2 protein chains.
Amino acid sequence: VDRLGELVFVGLGLSSERDVSLQGIDEAKTADVVFAEFYTSLMPKLRISELEKLVGNRVTVLSRHDLEEDEGRKIFAVAEKGKSVFLVPGDPLIATTHIDLRIRAEKRGIKTRLVHSASIVSAVIGLSGLQNYKYGRSVTIPFSDQGLVSETPYKVIKANKKMGLHTLCFLDVRKEEKRYITVKEGLELLLGVEKVKDQRIVTLNTIAVGIARAGSIVPVVKSDYVKELLEFDFGAVPHTIVFPGKLHFMEAEALIVLTKAPKTVWRMVK
Amino acid sequence: VDRLGELVFVGLGLSSERDVSLQGIDEAKTADVVFAEFYTSLMPKLRISELEKLVGNRVTVLSRHDLEEDEGRKIFAVAEKGKSVFLVPGDPLIATTHIDLRIRAEKRGIKTRLVHSASIVSAVIGLSGLQNYKYGRSVTIPFSDQGLVSETPYKVIKANKKMGLHTLCFLDVRKEEKRYITVKEGLELLLGVEKVKDQRIVTLNTIAVGIARAGSIVPVVKSDYVKELLEFDFGAVPHTIVFPGKLHFMEAEALIVLTKAPKTVWRMVK
């Protein structure tokens, strides 16, 4: 059969193999080869054997090396003459690695398509109860290697607060090393920057929202003063942090009712 | 059986009934009553009869009146003693109406949970090829009623551009009236504000990305000068517009390769 090759990126969602869409399953069932990667995010409840049953196909798991140093050669070998399906955590093309792969595939004449899925971006917005259009730029809090702490997250929170906007802070993941930043560690990194900058952007008395396991059946979402969140048990990773800016009336109510915020958040209503 | 009532919000994704997750189907299958609303967004390929087959349950479609004036009374009547599942377009809790309903349910002692799904927020970010953390605040371009044109979208694009950030512009939907703003109309509304403000934020020579039917099998994504996009045939709604800010090298390449941008976008690389 002389058909054109294609590469379909399928989002797996956030927690288990049951977070993929029916459309995603349909695509994987008709693939010549199904690839997957699980290093850009943590899907805590995903069982590869169950995923293989769902798609009725073996799933070839690719490493960071396969995709970055080896530039996705295995995927392209299939996609140049047949149908290659690439399963990825979250919504496809939020991770830079996937955008890069898609560009290189198209340059080789491979057609690409996307099957979307739940993303940490919108899941956290939904869980916070804060309004989508009031979020400013988002930021990742990275690991502090050799004691070098990035000031970028602090600066982004500051710039957003100045405009009354909320900030979504992703927490860095090094899946291969089984290292994940927790709410507590993320807050400590920010308090470290505060100590140097001293601009009262993230202090012990700042209100934040800690979110654990967004997209799972049992997420934990808790708003409180930073000093309280440092002691709060969020359970297993992955974690995320939101810093609210100015609040609408309904956002204050959402934080109190849905995330157990202290009543003092009413003071953040402009 | 003396069990506590619950309300589960299930996201349906963006285009057809096959965009729901397996987890979402599982929840709807075990519901006492399955409700849905289709007025906050347009899911162009959704067939309610097929959705009913998938969930093995009748789906009760609620109107804006049921949820807003009548405050979701029908959902609460079920959720106070059993399991109520509420199917919604996109990812649940991005729409304000849903946040409001969730707050009121929790206040009545009804437990609430979310099953996430593809959202226009992350789908458009993925389709644009632009990087997630370089988007500033997003904004909706509303209908101009009685000739009153909102200046907010123009101001948001301006503020984001000043910081080098991209802007995601949602286009207003009045599902009941079958009215949807198109890329062309959205651009015309912004050019109208430009005429008054004259700050060269959205001119005929500004680069923008038009996106039609994000999340469907055949989305159209096209970057070009505004003057060209005004003439471009994007096909059926729903539409969305992105205004890029400063570009990284890889973002310029993504716009050219994935969205057929003119080569001049290289000039937007900082």
# chains A, B, ... in the order shown; residues from 1 in each chain; ligands from 1
call {"tool": "residues_around", "arguments": {"residues": "Lys45 in chain A", "least_positions_apart": "5", "cutoff": "12 Å", "atoms": "only C-alpha atoms", "output": "PDB file with C-alpha atoms, in the first residue's frame"}}
result
ATOM      1  CA  LEU A  12      -2.845  10.696  27.933  1.00  0.00           C
ATOM      2  CA  GLY A  13      -4.122  13.163  30.508  1.00  0.00           C
ATOM      3  CA  LEU A  14      -2.866  13.477  34.046  1.00  0.00           C
ATOM      4  CA  SER A  15      -3.100  10.432  36.252  1.00  0.00           C
ATOM      5  CA  SER A  16      -4.074   6.952  35.013  1.00  0.00           C
ATOM      6  CA  GLU A  17      -4.414   5.117  31.702  1.00  0.00           C
ATOM      7  CA  ARG A  18      -8.160   5.800  31.908  1.00  0.00           C
ATOM      8  CA  ASP A  19      -7.616   9.542  31.362  1.00  0.00           C
ATOM      9  CA  PHE A  38       6.709   9.163  30.447  1.00  0.00           C
ATOM     10  CA  GLU A  50      -3.332  -1.785  31.213  1.00  0.00           C
ATOM     11  CA  LEU A  51      -2.641   0.860  28.581  1.00  0.00           C
ATOM     12  CA  PRO A  89       1.485  12.738  29.372  1.00  0.00           C
ATOM     13  CA  ARG A 213      -2.132  15.163  42.145  1.00  0.00           C
ATOM     14  CA  ALA A 214      -4.225  17.432  39.889  1.00  0.00           C
ATOM     15  CA  GLY A 215      -6.295  15.284  37.545  1.00  0.00           C
ATOM     16  CA  SER A 216      -6.379  12.241  39.819  1.00  0.00           C
ATOM     17  CA  ILE A 217      -9.495  10.997  41.604  1.00  0.00           C
ATOM     18  CA  VAL A 218      -8.131  12.284  44.929  1.00  0.00           C
ATOM     19  CA  ALA A 236       2.340  12.144  47.063  1.00  0.00           C
ATOM     20  CA  VAL A 237       3.669  14.201  44.111  1.00  0.00           C
ATOM     21  CA  PRO A 238       3.124  15.759  41.580  1.00  0.00           C
TER      22      PRO A 238
END
call {"tool": "select_by_dssp", "arguments": {"residues": "range 47-175 of chain B", "states": "helix (DSSP H, G or I)", "output": "ChimeraX atom specification"}}
result
/B:48-55,64-67,73-79,96-107,120-128,132-134,145-147,152-162,175
call {"tool": "atom_distance", "arguments": {"atom1": "CA of Leu189 in chain B", "atom2": "CA of Lys161 in chain B"}}
result
18.4 Å
call {"tool": "interface_residues", "arguments": {"of": "chain A", "to": "chain B", "cutoff": "6 Å", "atoms": "only C-alpha atoms", "output": "NGL selection string"}}
result
:A and (18-23 or 93-94 or 116-118 or 126 or 133 or 135-139)
call {"tool": "write_last_selection", "arguments": {"atoms": "all heavy atoms", "output": "tab-separated table (two decimals), in the first residue's frame"}}
result
chain	number	residue	atom	x	y	z
A	18	ARG	N	-6.76	5.55	32.25
A	18	ARG	CA	-8.16	5.80	31.91
A	18	ARG	C	-8.46	7.29	31.65
A	18	ARG	O	-9.62	7.66	31.42
A	18	ARG	CB	-9.11	5.22	32.97
A	18	ARG	CG	-8.96	3.69	33.08
A	18	ARG	CD	-10.07	3.03	33.84
A	18	ARG	NE	-11.32	2.96	33.09
A	18	ARG	CZ	-11.57	2.13	32.08
A	18	ARG	NH1	-10.66	1.28	31.67
A	18	ARG	NH2	-12.74	2.15	31.49
A	19	ASP	N	-7.42	8.11	31.65
A	19	ASP	CA	-7.62	9.54	31.36
A	19	ASP	C	-7.48	9.87	29.88
A	19	ASP	O	-7.69	11.01	29.46
A	19	ASP	CB	-6.62	10.38	32.17
A	19	ASP	CG	-6.87	10.24	33.66
A	19	ASP	OD1	-7.99	9.83	34.04
A	19	ASP	OD2	-5.96	10.51	34.45
A	20	VAL	N	-7.15	8.88	29.07
A	20	VAL	CA	-7.06	9.10	27.62
A	20	VAL	C	-8.49	9.17	27.06
A	20	VAL	O	-9.43	8.60	27.63
A	20	VAL	CB	-6.24	7.96	26.97
A	20	VAL	CG1	-6.96	6.63	27.04
A	20	VAL	CG2	-5.88	8.29	25.52
A	21	SER	N	-8.66	9.87	25.92
A	21	SER	CA	-10.00	9.96	25.33
A	21	SER	C	-10.28	8.76	24.43
A	21	SER	O	-9.37	8.04	24.00
A	21	SER	CB	-10.11	11.24	24.51
A	21	SER	OG	-9.33	11.15	23.33
A	22	LEU	N	-11.55	8.56	24.13
A	22	LEU	CA	-11.94	7.49	23.20
A	22	LEU	C	-11.28	7.70	21.85
A	22	LEU	O	-10.84	6.75	21.21
A	22	LEU	CB	-13.47	7.49	23.04
A	22	LEU	CG	-14.27	7.23	24.32
A	22	LEU	CD1	-15.76	7.42	24.04
A	22	LEU	CD2	-14.01	5.83	24.84
A	23	GLN	N	-11.20	8.95	21.41
A	23	GLN	CA	-10.54	9.27	20.14
A	23	GLN	C	-9.07	8.85	20.17
A	23	GLN	O	-8.54	8.31	19.20
A	23	GLN	CB	-10.66	10.79	19.91
A	23	GLN	CG	-9.99	11.31	18.66
A	23	GLN	CD	-10.64	10.79	17.38
A	23	GLN	OE1	-11.83	10.48	17.37
A	23	GLN	NE2	-9.85	10.64	16.34
A	93	LEU	N	2.08	18.77	23.04
A	93	LEU	CA	2.63	20.04	22.56
A	93	LEU	C	2.66	21.15	23.60
A	93	LEU	O	2.87	22.31	23.27
A	93	LEU	CB	1.92	20.53	21.29
A	93	LEU	CG	2.23	19.77	20.00
A	93	LEU	CD1	3.54	20.18	19.41
A	93	LEU	CD2	2.15	18.27	20.10
A	94	ILE	N	2.44	20.80	24.88
A	94	ILE	CA	2.74	21.78	25.92
A	94	ILE	C	4.24	21.67	26.24
A	94	ILE	O	4.90	22.68	26.48
A	94	ILE	CB	1.83	21.55	27.16
A	94	ILE	CG1	0.36	21.85	26.83
A	94	ILE	CG2	2.28	22.41	28.35
A	94	ILE	CD1	0.04	23.26	26.36
A	116	HIS	N	-6.07	15.88	21.68
A	116	HIS	CA	-5.87	16.60	22.94
A	116	HIS	C	-6.34	15.80	24.14
A	116	HIS	O	-7.08	14.82	24.02
A	116	HIS	CB	-6.57	17.95	22.87
A	116	HIS	CG	-6.00	18.82	21.81
A	116	HIS	ND1	-4.84	19.53	21.99
A	116	HIS	CD2	-6.39	19.05	20.53
A	116	HIS	CE1	-4.56	20.17	20.87
A	116	HIS	NE2	-5.49	19.91	19.97
A	117	SER	N	-5.94	16.27	25.29
A	117	SER	CA	-6.31	15.61	26.54
A	117	SER	C	-6.21	16.61	27.67
A	117	SER	O	-5.78	17.74	27.46
A	117	SER	CB	-5.34	14.45	26.77
A	117	SER	OG	-5.73	13.75	27.91
A	118	ALA	N	-6.59	16.17	28.86
A	118	ALA	CA	-6.49	17.04	30.03
A	118	ALA	C	-5.05	17.50	30.20
A	118	ALA	O	-4.11	16.72	30.01
A	118	ALA	CB	-6.94	16.28	31.27
A	126	GLY	N	-8.86	25.02	36.99
A	126	GLY	CA	-10.16	24.54	37.45
A	126	GLY	C	-10.18	24.22	38.93
A	126	GLY	O	-11.11	24.58	39.65
A	133	TYR	N	-9.10	33.88	33.04
A	133	TYR	CA	-8.59	35.08	32.38
A	133	TYR	C	-7.88	36.03	33.35
A	133	TYR	O	-7.41	37.08	32.96
A	133	TYR	CB	-9.71	35.80	31.63
A	133	TYR	CG	-10.73	36.43	32.53
A	133	TYR	CD1	-10.57	37.74	32.96
A	133	TYR	CD2	-11.82	35.70	33.00
A	133	TYR	CE1	-11.48	38.31	33.83
A	133	TYR	CE2	-12.73	36.25	33.86
A	133	TYR	CZ	-12.55	37.56	34.27
A	133	TYR	OH	-13.46	38.11	35.14
A	135	TYR	N	-5.32	34.81	35.23
A	135	TYR	CA	-3.96	34.29	35.39
A	135	TYR	C	-3.03	35.05	34.47
A	135	TYR	O	-3.32	35.24	33.30
A	135	TYR	CB	-3.91	32.80	35.02
A	135	TYR	CG	-4.32	31.87	36.15
A	135	TYR	CD1	-5.66	31.58	36.40
A	135	TYR	CD2	-3.35	31.30	36.97
A	135	TYR	CE1	-6.02	30.74	37.44
A	135	TYR	CE2	-3.71	30.45	38.01
A	135	TYR	CZ	-5.05	30.17	38.24
A	135	TYR	OH	-5.40	29.35	39.26
A	136	GLY	N	-1.89	35.47	35.00
A	136	GLY	CA	-0.83	36.04	34.16
A	136	GLY	C	0.02	34.92	33.62
A	136	GLY	O	-0.39	33.76	33.58
A	137	ARG	N	1.22	35.25	33.23
A	137	ARG	CA	2.19	34.30	32.74
A	137	ARG	C	2.45	33.22	33.81
A	137	ARG	O	2.48	33.50	35.00
A	137	ARG	CB	3.45	35.13	32.50
A	137	ARG	CG	4.65	34.41	32.20
A	137	ARG	CD	5.77	35.42	31.99
A	137	ARG	NE	6.87	34.70	31.42
A	137	ARG	CZ	8.04	35.22	31.11
A	137	ARG	NH1	8.25	36.50	31.32
A	137	ARG	NH2	8.98	34.47	30.59
A	138	SER	N	2.66	31.99	33.36
A	138	SER	CA	3.00	30.92	34.31
A	138	SER	C	4.51	30.69	34.30
A	138	SER	O	5.23	31.23	33.46
A	138	SER	CB	2.26	29.64	33.95
A	138	SER	OG	2.58	29.23	32.64
A	139	VAL	N	4.98	29.91	35.27
A	139	VAL	CA	6.44	29.76	35.44
A	139	VAL	C	6.74	28.41	36.09
A	139	VAL	O	5.89	27.85	36.78
A	139	VAL	CB	6.97	30.94	36.31
A	139	VAL	CG1	6.55	30.82	37.76
A	139	VAL	CG2	8.48	31.07	36.19
call {"tool": "residues_around", "arguments": {"residues": "Phe232 in chain A", "least_positions_apart": "6", "cutoff": "10 Å", "atoms": "only C-alpha atoms", "output": "list in words"}}
result
Val183, Lys184, Gly210, Lys222, Asp224 and Val226 of chain A
call {"tool": "write_last_selection", "arguments": {"atoms": "all heavy atoms", "output": "tab-separated table (two decimals), in the first residue's frame"}}
result
chain	number	residue	atom	x	y	z
A	183	VAL	N	5.34	21.09	47.21
A	183	VAL	CA	4.84	22.42	47.59
A	183	VAL	C	5.80	23.04	48.61
A	183	VAL	O	6.23	24.20	48.47
A	183	VAL	CB	3.41	22.34	48.18
A	183	VAL	CG1	3.02	23.67	48.82
A	183	VAL	CG2	2.40	21.96	47.09
A	184	LYS	N	6.15	22.26	49.62
A	184	LYS	CA	7.02	22.76	50.69
A	184	LYS	C	8.38	23.22	50.13
A	184	LYS	O	8.85	24.32	50.43
A	184	LYS	CB	7.23	21.62	51.71
A	184	LYS	CG	8.09	21.96	52.92
A	184	LYS	CD	8.20	20.72	53.83
A	184	LYS	CE	9.35	20.84	54.81
A	184	LYS	NZ	9.06	21.77	55.91
A	210	GLY	N	-1.82	25.32	47.43
A	210	GLY	CA	-1.02	24.13	47.10
A	210	GLY	C	-1.94	23.08	46.50
A	210	GLY	O	-3.06	22.88	46.99
A	222	LYS	N	-5.37	23.02	48.80
A	222	LYS	CA	-5.44	23.73	50.08
A	222	LYS	C	-4.82	25.12	49.98
A	222	LYS	O	-3.66	25.27	49.57
A	222	LYS	CB	-4.69	22.88	51.12
A	222	LYS	CG	-4.45	23.55	52.47
A	222	LYS	CD	-5.74	23.79	53.24
A	222	LYS	CE	-5.48	24.54	54.57
A	222	LYS	NZ	-6.71	25.17	55.07
A	224	ASP	N	-3.74	28.57	52.04
A	224	ASP	CA	-3.43	29.05	53.39
A	224	ASP	C	-2.24	30.00	53.32
A	224	ASP	O	-1.67	30.21	52.25
A	224	ASP	CB	-3.14	27.87	54.33
A	224	ASP	CG	-3.57	28.14	55.77
A	224	ASP	OD1	-3.58	29.32	56.18
A	224	ASP	OD2	-3.90	27.16	56.47
A	226	VAL	N	1.58	30.89	53.68
A	226	VAL	CA	2.77	30.09	53.37
A	226	VAL	C	3.26	29.37	54.63
A	226	VAL	O	3.59	28.18	54.58
A	226	VAL	CB	3.87	30.98	52.75
A	226	VAL	CG1	5.22	30.27	52.74
A	226	VAL	CG2	3.47	31.39	51.33
call {"tool": "select_by_dssp", "arguments": {"residues": "range 90-196 of chain A", "states": "strand (DSSP E)", "output": "count of residues only"}}
result
17
call {"tool": "atom_distance", "arguments": {"atom1": "CA of Val33 in chain A", "atom2": "CA of Lys83 in chain A"}}
result
7.0 Å
call {"tool": "closest_residue", "arguments": {"among": "B:Leu230, B:Ala79, B:Ala261, B:Val59", "to": "Lys111 in chain B", "atoms": "only C-alpha atoms"}}
result
B:Ala79
call {"tool": "closest_residue", "arguments": {"among": "A:Val202, A:Val8, A:Ala252, A:Val221", "to": "Thr264 in chain A", "atoms": "only C-alpha atoms"}}
result
A:Ala252
call {"tool": "atom_distance", "arguments": {"atom1": "CA of Thr206 in chain A", "atom2": "CA of Glu231 in chain A"}}
result
14.5 Å
call {"tool": "closest_residue", "arguments": {"among": "B:Asp233, B:Glu188, B:Asp145, B:Glu37", "to": "Leu204 in chain B", "atoms": "only C-alpha atoms"}}
result
B:Glu188
call {"tool": "closest_residue", "arguments": {"among": "B:Val149, B:Leu62, B:Ala212, B:Val173", "to": "Lys195 in chain B", "atoms": "only C-alpha atoms"}}
result
B:Val149
call {"tool": "residues_around", "arguments": {"residues": "Val34 in chain A", "least_positions_apart": "6", "cutoff": "9 Å", "atoms": "only C-alpha atoms", "output": "number ranges by chain"}}
result
A: 28, 55, 57-61, 75, 83-87
call {"tool": "decode", "arguments": {"residues": "range 164-201 of chain A", "atoms": "N, CA and C atoms", "output": "mmCIF file, in the first residue's frame"}}
result
data_model
loop_
_atom_site.group_PDB
_atom_site.id
_atom_site.type_symbol
_atom_site.label_atom_id
_atom_site.label_comp_id
_atom_site.auth_asym_id
_atom_site.auth_seq_id
_atom_site.Cartn_x
_atom_site.Cartn_y
_atom_site.Cartn_z
ATOM 1 N N GLY A 164 -2.276 42.599 39.500
ATOM 2 C CA GLY A 164 -3.444 41.972 40.144
ATOM 3 C C GLY A 164 -3.715 40.563 39.649
ATOM 4 N N LEU A 165 -2.744 39.963 38.934
ATOM 5 C CA LEU A 165 -2.983 38.647 38.306
ATOM 6 C C LEU A 165 -2.452 37.483 39.144
ATOM 7 N N HIS A 166 -3.043 36.308 38.923
ATOM 8 C CA HIS A 166 -2.608 35.079 39.596
ATOM 9 C C HIS A 166 -1.410 34.472 38.864
ATOM 10 N N THR A 167 -0.632 33.655 39.588
ATOM 11 C CA THR A 167 0.513 32.966 38.967
ATOM 12 C C THR A 167 0.436 31.468 39.223
ATOM 13 N N LEU A 168 0.520 30.709 38.149
ATOM 14 C CA LEU A 168 0.566 29.248 38.228
ATOM 15 C C LEU A 168 2.034 28.833 38.189
ATOM 16 N N CYS A 169 2.489 28.183 39.260
ATOM 17 C CA CYS A 169 3.889 27.737 39.342
ATOM 18 C C CYS A 169 3.961 26.223 39.170
ATOM 19 N N PHE A 170 4.490 25.780 38.055
ATOM 20 C CA PHE A 170 4.783 24.359 37.879
ATOM 21 C C PHE A 170 6.031 24.054 38.701
ATOM 22 N N LEU A 171 6.133 22.808 39.161
ATOM 23 C CA LEU A 171 7.284 22.421 39.975
ATOM 24 C C LEU A 171 8.086 21.392 39.182
ATOM 25 N N ASP A 172 9.384 21.587 39.161
ATOM 26 C CA ASP A 172 10.247 20.814 38.251
ATOM 27 C C ASP A 172 10.218 19.311 38.558
ATOM 28 N N VAL A 173 10.394 18.546 37.490
ATOM 29 C CA VAL A 173 10.349 17.083 37.538
ATOM 30 C C VAL A 173 11.632 16.548 36.923
ATOM 31 N N ARG A 174 12.318 15.656 37.623
ATOM 32 C CA ARG A 174 13.392 14.883 36.985
ATOM 33 C C ARG A 174 13.050 13.422 37.162
ATOM 34 N N LYS A 175 12.181 12.987 36.280
ATOM 35 C CA LYS A 175 11.584 11.666 36.363
ATOM 36 C C LYS A 175 12.645 10.565 36.457
ATOM 37 N N GLU A 176 13.687 10.654 35.611
ATOM 38 C CA GLU A 176 14.706 9.589 35.598
ATOM 39 C C GLU A 176 15.399 9.475 36.949
ATOM 40 N N GLU A 177 15.524 10.612 37.653
ATOM 41 C CA GLU A 177 16.196 10.590 38.957
ATOM 42 C C GLU A 177 15.179 10.440 40.091
ATOM 43 N N LYS A 178 13.908 10.268 39.722
ATOM 44 C CA LYS A 178 12.819 10.204 40.714
ATOM 45 C C LYS A 178 12.848 11.405 41.660
ATOM 46 N N ARG A 179 13.083 12.603 41.097
ATOM 47 C CA ARG A 179 13.098 13.819 41.922
ATOM 48 C C ARG A 179 11.981 14.744 41.466
ATOM 49 N N TYR A 180 11.198 15.192 42.419
ATOM 50 C CA TYR A 180 10.060 16.066 42.139
ATOM 51 C C TYR A 180 10.064 17.139 43.216
ATOM 52 N N ILE A 181 9.883 18.381 42.835
ATOM 53 C CA ILE A 181 9.774 19.448 43.838
ATOM 54 C C ILE A 181 8.377 19.396 44.453
ATOM 55 N N THR A 182 8.301 19.489 45.773
ATOM 56 C CA THR A 182 7.017 19.487 46.478
ATOM 57 C C THR A 182 6.581 20.937 46.749
ATOM 58 N N VAL A 183 5.338 21.093 47.213
ATOM 59 C CA VAL A 183 4.843 22.424 47.590
ATOM 60 C C VAL A 183 5.801 23.041 48.613
ATOM 61 N N LYS A 184 6.149 22.260 49.624
ATOM 62 C CA LYS A 184 7.024 22.756 50.694
ATOM 63 C C LYS A 184 8.381 23.218 50.128
ATOM 64 N N GLU A 185 8.969 22.396 49.283
ATOM 65 C CA GLU A 185 10.274 22.757 48.718
ATOM 66 C C GLU A 185 10.183 23.972 47.798
ATOM 67 N N GLY A 186 9.100 24.038 47.017
ATOM 68 C CA GLY A 186 8.907 25.185 46.130
ATOM 69 C C GLY A 186 8.795 26.475 46.931
ATOM 70 N N LEU A 187 8.016 26.412 48.021
ATOM 71 C CA LEU A 187 7.852 27.603 48.868
ATOM 72 C C LEU A 187 9.177 27.985 49.522
ATOM 73 N N GLU A 188 9.942 26.986 49.948
ATOM 74 C CA GLU A 188 11.239 27.282 50.570
ATOM 75 C C GLU A 188 12.198 27.941 49.584
ATOM 76 N N LEU A 189 12.168 27.477 48.339
ATOM 77 C CA LEU A 189 13.026 28.105 47.323
ATOM 78 C C LEU A 189 12.643 29.576 47.142
ATOM 79 N N LEU A 190 11.328 29.843 47.106
ATOM 80 C CA LEU A 190 10.869 31.230 46.940
ATOM 81 C C LEU A 190 11.205 32.082 48.164
ATOM 82 N N LEU A 191 11.069 31.501 49.357
ATOM 83 C CA LEU A 191 11.409 32.255 50.578
ATOM 84 C C LEU A 191 12.908 32.572 50.599
ATOM 85 N N GLY A 192 13.708 31.684 50.017
ATOM 86 C CA GLY A 192 15.155 31.929 49.905
ATOM 87 C C GLY A 192 15.440 33.153 49.036
ATOM 88 N N VAL A 193 14.703 33.275 47.933
ATOM 89 C CA VAL A 193 14.876 34.448 47.065
ATOM 90 C C VAL A 193 14.384 35.708 47.779
ATOM 91 N N GLU A 194 13.274 35.569 48.503
ATOM 92 C CA GLU A 194 12.709 36.700 49.260
ATOM 93 C C GLU A 194 13.737 37.264 50.251
ATOM 94 N N LYS A 195 14.486 36.365 50.868
ATOM 95 C CA LYS A 195 15.492 36.768 51.861
ATOM 96 C C LYS A 195 16.520 37.716 51.226
ATOM 97 N N VAL A 196 16.879 37.427 49.987
ATOM 98 C CA VAL A 196 17.862 38.255 49.277
ATOM 99 C C VAL A 196 17.217 39.538 48.744
ATOM 100 N N LYS A 197 16.037 39.385 48.122
ATOM 101 C CA LYS A 197 15.387 40.514 47.430
ATOM 102 C C LYS A 197 14.661 41.450 48.399
ATOM 103 N N ASP A 198 14.024 40.833 49.414
ATOM 104 C CA ASP A 198 13.316 41.599 50.448
ATOM 105 C C ASP A 198 12.276 42.564 49.873
ATOM 106 N N GLN A 199 11.415 42.045 48.986
ATOM 107 C CA GLN A 199 10.369 42.901 48.395
ATOM 108 C C GLN A 199 8.964 42.480 48.812
ATOM 109 N N ARG A 200 8.889 41.596 49.814
ATOM 110 C CA ARG A 200 7.606 41.145 50.372
ATOM 111 C C ARG A 200 6.662 40.581 49.300
ATOM 112 N N ILE A 201 7.209 39.743 48.415
ATOM 113 C CA ILE A 201 6.385 39.106 47.386
ATOM 114 C C ILE A 201 5.924 37.724 47.866
#
